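> Can you keep this structure in mind? I'll have questions shortly.
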Amino acid sequence: MFRRHLVCCALAALGLACAASSAPAAVLIDSFSGGALNVSVPPGGANPSSANSGTFSANALGGAHNLSISRLSGTGGFNSNIDQSGNGFWSLGTGPGDTGRATVLWDGGTDNSTATDGLGGVDLTQGGANDGITIRYRADQAAANGFALTINSGSGNASSAAVNILPTGFLAAPFAEAFIPFASLVSTSGTGGNPANASAVSLLIDGSNVSALDVQVDIVQTHAVPEPTLLAPLGVASLLLVRRRSRCAD
């Protein structure tokens, strides 16, 4: 009975120790709350038709974000905004028959020119604890490779990866989650971008092949590497240790 009590206490203590350990907090890229922006292209005119604006935001990586849009086809109004009326979203609204793109840039500045070392070489992986970027969103239509992530590391070095946008429904629909692994990044210029040494990060919503695409993004942040299951082997080792100690006590 004494031995059984020791075993139960050891396993309980191990469980508490495992529960107490936690992964590093996610690196917030943007929660789109604070730093409101509204960027639009008016109806009519030639294509491509572009606009951009930026502002400082305490909830954005580097303390600022820039929003750029480009209407590629159609003649309707083309609009994208961040935290409109305090809603805490990045939204893209595309008119019927229109196609286009919207990009948010995080490099510590408010213009749409990518800074050489704007973020100072931030480690998005947190020493290997994070393995990619997650995007919480909802959309009215599907878009192949609709989210495209780009990471810059210094002048002329960039890598990108894309993931599909799924048709989740819009407005009151639940948010879905897209995941872009750092391992999927492919060099697009120079020696490539390194997520462990990022000078700038940008995320594109690509509606160039989908007319009238509407998207809302709730949050963009890093994703932690899933922790291995250590409870079983550690539990066996602890059990053996407790049994050995209890024998000594006897």
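Chain labels A, B, ... are given in the sequence in which chains occur in the structure tokens; within each chain residues are numbered consecutively from 1, and ligands are likewise numbered from 1 in the order shown.
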What's the 9 Å shell around stretch 163-176 of chain A, counting only C-alpha atoms, without same-chain residues fewer than 3 positions away, as a list in words?
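Answer for this query is Ile135, Arg136, Tyr137, Arg138, Ala139, Asp140, Gln141, Ala142, Ala143, Ala144, Asn145, Gly146, Phe147, Ala148, Leu149, Phe179, Ile180, Ile205, Asp214, Val215, Gln216, Val217 and Asp218 of chain A.
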> Go ahead and save the residues from that selection, with C-alpha atoms, as a CSV table (one decimal), in the first residue's frame.

chain,number,residue,atom,x,y,z
A,135,ILE,CA,-3.7,33.2,-40.2
A,136,ARG,CA,-7.2,33.3,-38.8
A,137,TYR,CA,-9.6,34.3,-41.5
A,138,ARG,CA,-12.9,33.9,-43.2
A,139,ALA,CA,-13.7,34.3,-46.9
A,140,ASP,CA,-16.7,34.1,-49.2
A,141,GLN,CA,-14.9,32.2,-52.0
A,142,ALA,CA,-11.9,29.9,-52.5
A,143,ALA,CA,-8.7,31.3,-53.9
A,144,ALA,CA,-5.8,29.1,-54.9
A,145,ASN,CA,-2.6,30.3,-53.2
A,146,GLY,CA,-4.7,33.2,-51.9
A,147,PHE,CA,-2.4,33.9,-48.9
A,148,ALA,CA,1.3,34.6,-49.8
A,149,LEU,CA,3.8,35.2,-47.0
A,179,PHE,CA,-0.9,27.6,-41.8
A,180,ILE,CA,2.3,28.5,-43.7
A,205,ILE,CA,-4.3,38.4,-50.2
A,214,ASP,CA,-14.2,39.2,-49.9
A,215,VAL,CA,-11.8,38.3,-47.0
A,216,GLN,CA,-11.5,39.2,-43.3
A,217,VAL,CA,-8.3,38.4,-41.3
A,218,ASP,CA,-8.6,38.3,-37.5
> Would you list the contacts of A:Asn197 as a list of chain:residue names, taking every protein, DNA or RNA residue within 9 Å and counting only C-alpha atoms, but skipping same-chain residues closer than 3 positions in sequence?
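What passes the distance filter is A:Leu119, A:Gly120, A:Gly121, A:Val122, A:Asp123, A:Leu124, A:Thr125, A:Asn152, A:Ser153, A:Gly154, A:Gly193, A:Asn194.
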> In Å, with one decimal, what is the gap from atom CA of A:Asn112 to atom CA of A:Asn52?
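Interatomic distance, atom CA of A:Asn112 to atom CA of A:Asn52: 7.1 Å.
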> Identify all residues of stretch 13-169 of chain A in alpha helix (DSSP H) (DSSP on the backbone) and supply them as a list in words.
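Answer for stretch 13-169 of chain A restricted to alpha helix (DSSP H) is Ala13, Leu14, Gly15, Leu16, Ala17, Cys18, Ala19 and Ala20 of chain A.
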> Quick one: residues within 12 Å of A:Gly34, only C-alpha atoms, excluding same-chain residues fewer than 2 positions away - as a VMD selection string?
chain A and resid 30 to 32 36 to 37 55 to 60 63 to 65 81 to 90
> Could the residues in this selection be saved with C-alpha atoms as a PDB file, in the first residue's frame?

ATOM      1  CA  ASP A  30      -0.688  41.727 -36.204  1.00  0.00           C
ATOM      2  CA  SER A  31      -4.011  41.615 -34.368  1.00  0.00           C
ATOM      3  CA  PHE A  32      -5.346  44.445 -36.588  1.00  0.00           C
ATOM      4  CA  ALA A  36      -6.676  51.971 -38.351  1.00  0.00           C
ATOM      5  CA  LEU A  37      -6.284  52.269 -42.131  1.00  0.00           C
ATOM      6  CA  THR A  55       0.231  54.092 -39.757  1.00  0.00           C
ATOM      7  CA  PHE A  56       1.820  53.179 -36.446  1.00  0.00           C
ATOM      8  CA  SER A  57       0.207  50.432 -34.371  1.00  0.00           C
ATOM      9  CA  ALA A  58       1.178  48.966 -31.015  1.00  0.00           C
ATOM     10  CA  ASN A  59      -0.329  45.619 -32.048  1.00  0.00           C
ATOM     11  CA  ALA A  60       1.713  45.219 -35.232  1.00  0.00           C
ATOM     12  CA  GLY A  63       5.058  48.949 -34.304  1.00  0.00           C
ATOM     13  CA  ALA A  64       3.615  49.895 -37.707  1.00  0.00           C
ATOM     14  CA  HIS A  65       1.900  48.510 -40.790  1.00  0.00           C
ATOM     15  CA  ASN A  81      -9.106  48.403 -44.490  1.00  0.00           C
ATOM     16  CA  ILE A  82      -7.654  47.609 -41.075  1.00  0.00           C
ATOM     17  CA  ASP A  83      -9.635  48.037 -37.847  1.00  0.00           C
ATOM     18  CA  GLN A  84     -12.439  49.915 -39.536  1.00  0.00           C
ATOM     19  CA  SER A  85     -14.719  51.333 -36.838  1.00  0.00           C
ATOM     20  CA  GLY A  86     -12.643  49.392 -34.303  1.00  0.00           C
ATOM     21  CA  ASN A  87     -13.640  45.945 -35.639  1.00  0.00           C
ATOM     22  CA  GLY A  88     -10.141  44.438 -35.230  1.00  0.00           C
ATOM     23  CA  PHE A  89      -9.965  42.911 -38.730  1.00  0.00           C
ATOM     24  CA  TRP A  90      -8.028  43.317 -41.952  1.00  0.00           C
TER      25      TRP A  90
END
> Just the strand (DSSP E) stuff from stretch 5-246 of chain A, please, per backbone DSSP, written as JSON, numbers by chain.
{"A": [28, 29, 30, 37, 38, 39, 40, 41, 49, 50, 51, 52, 53, 54, 55, 56, 64, 65, 66, 67, 68, 69, 70, 71, 72, 73, 78, 79, 80, 81, 82, 90, 91, 92, 93, 94, 99, 100, 101, 102, 103, 104, 105, 106, 130, 131, 132, 133, 134, 135, 136, 137, 138, 139, 143, 144, 145, 146, 147, 148, 149, 150, 151, 152, 158, 159, 160, 161, 162, 163, 164, 165, 176, 177, 178, 179, 180, 181, 186, 187, 188, 189, 200, 201, 202, 203, 204, 205, 206, 207, 214, 215, 216, 217, 218, 219, 220, 221, 222, 223, 224]}
> Which residue, A:Asn130, A:Thr99, A:Asn157, A:Ser53, has the smallest gap to A:Asp117 when you use only C-alpha atoms?
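Closest to A:Asp117, using only C-alpha atoms: A:Asn157.
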> Mind giving me the straight-line distance from atom CA of A:Val41 to atom CA of A:Asp206 in Å, one decimal?
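Value for the atom CA of A:Val41-atom CA of A:Asp206 distance: 16.3 Å.
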> What's the separation between atom CA of A:Gly109 and atom CA of A:Ser40, in Å to one decimal place?
20.3 Å
> Write out as a list of chain:residue names which residues come within 10 Å of A:Ser189 when counting only C-alpha atoms, dropping same-chain ones fewer than 2 positions away.
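Contacts, in chain order: A:Asn152, A:Ser155, A:Gly156, A:Asn157, A:Ala158, A:Ser159, A:Ser160, A:Val186, A:Ser187, A:Thr191, A:Gly192, A:Gly193.
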> Excluding A:Pro96 and residues on its chain fewer than 6 positions from it, collect all residues at most 9 Å away from it, counting only C-alpha atoms, and give them as a PyMOL selection string.
chain A and resi 74+76+211-213
> Mind writing the picked residues with N, CA and C atoms as a compact mmCIF listing (two decimals), in the first residue's frame?

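out-v7.txt, freshly written:
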# COMPACT_ATOMS: atom_id res chain seq x y z
N GLY A 74 -11.60 45.11 -64.00
CA GLY A 74 -12.89 45.63 -63.59
C GLY A 74 -12.87 47.13 -63.41
N GLY A 76 -15.12 48.58 -60.82
CA GLY A 76 -15.82 48.90 -59.59
C GLY A 76 -14.89 49.44 -58.52
N SER A 211 -12.86 36.84 -59.03
CA SER A 211 -13.57 38.12 -59.00
C SER A 211 -14.47 38.20 -57.78
N ALA A 212 -14.60 39.41 -57.27
CA ALA A 212 -15.50 39.71 -56.14
C ALA A 212 -15.14 38.93 -54.88
N LEU A 213 -13.84 38.77 -54.61
CA LEU A 213 -13.40 38.06 -53.41
C LEU A 213 -13.49 38.98 -52.19
> Extract, using only C-alpha atoms, all DNA, RNA and protein residues at most 6 Å from A:Asn66, discarding same-chain residues fewer than 4 positions from it, and format them as a CSV table (one decimal) with N, CA and C atoms, in the first residue's frame.

chain,number,residue,atom,x,y,z
A,53,SER,N,-1.5,53.2,-47.9
A,53,SER,CA,-1.4,54.1,-46.7
A,53,SER,C,-0.8,53.3,-45.5
A,54,GLY,N,-0.2,54.0,-44.6
A,54,GLY,CA,0.4,53.3,-43.4
A,54,GLY,C,0.2,54.1,-42.2
A,104,VAL,N,-0.3,43.6,-46.7
A,104,VAL,CA,0.2,44.4,-45.5
A,104,VAL,C,1.6,44.1,-45.3
A,105,LEU,N,2.4,45.2,-45.1
A,105,LEU,CA,3.8,45.1,-44.9
A,105,LEU,C,4.2,45.5,-43.5
A,110,THR,N,5.9,53.1,-42.1
A,110,THR,CA,4.6,53.3,-42.5
A,110,THR,C,4.4,53.4,-44.0
A,111,ASP,N,5.5,53.4,-44.8
A,111,ASP,CA,5.4,53.5,-46.2
A,111,ASP,C,5.5,52.1,-46.8
A,112,ASN,N,5.3,52.0,-48.2
A,112,ASN,CA,5.2,50.7,-48.8
A,112,ASN,C,6.5,50.3,-49.4
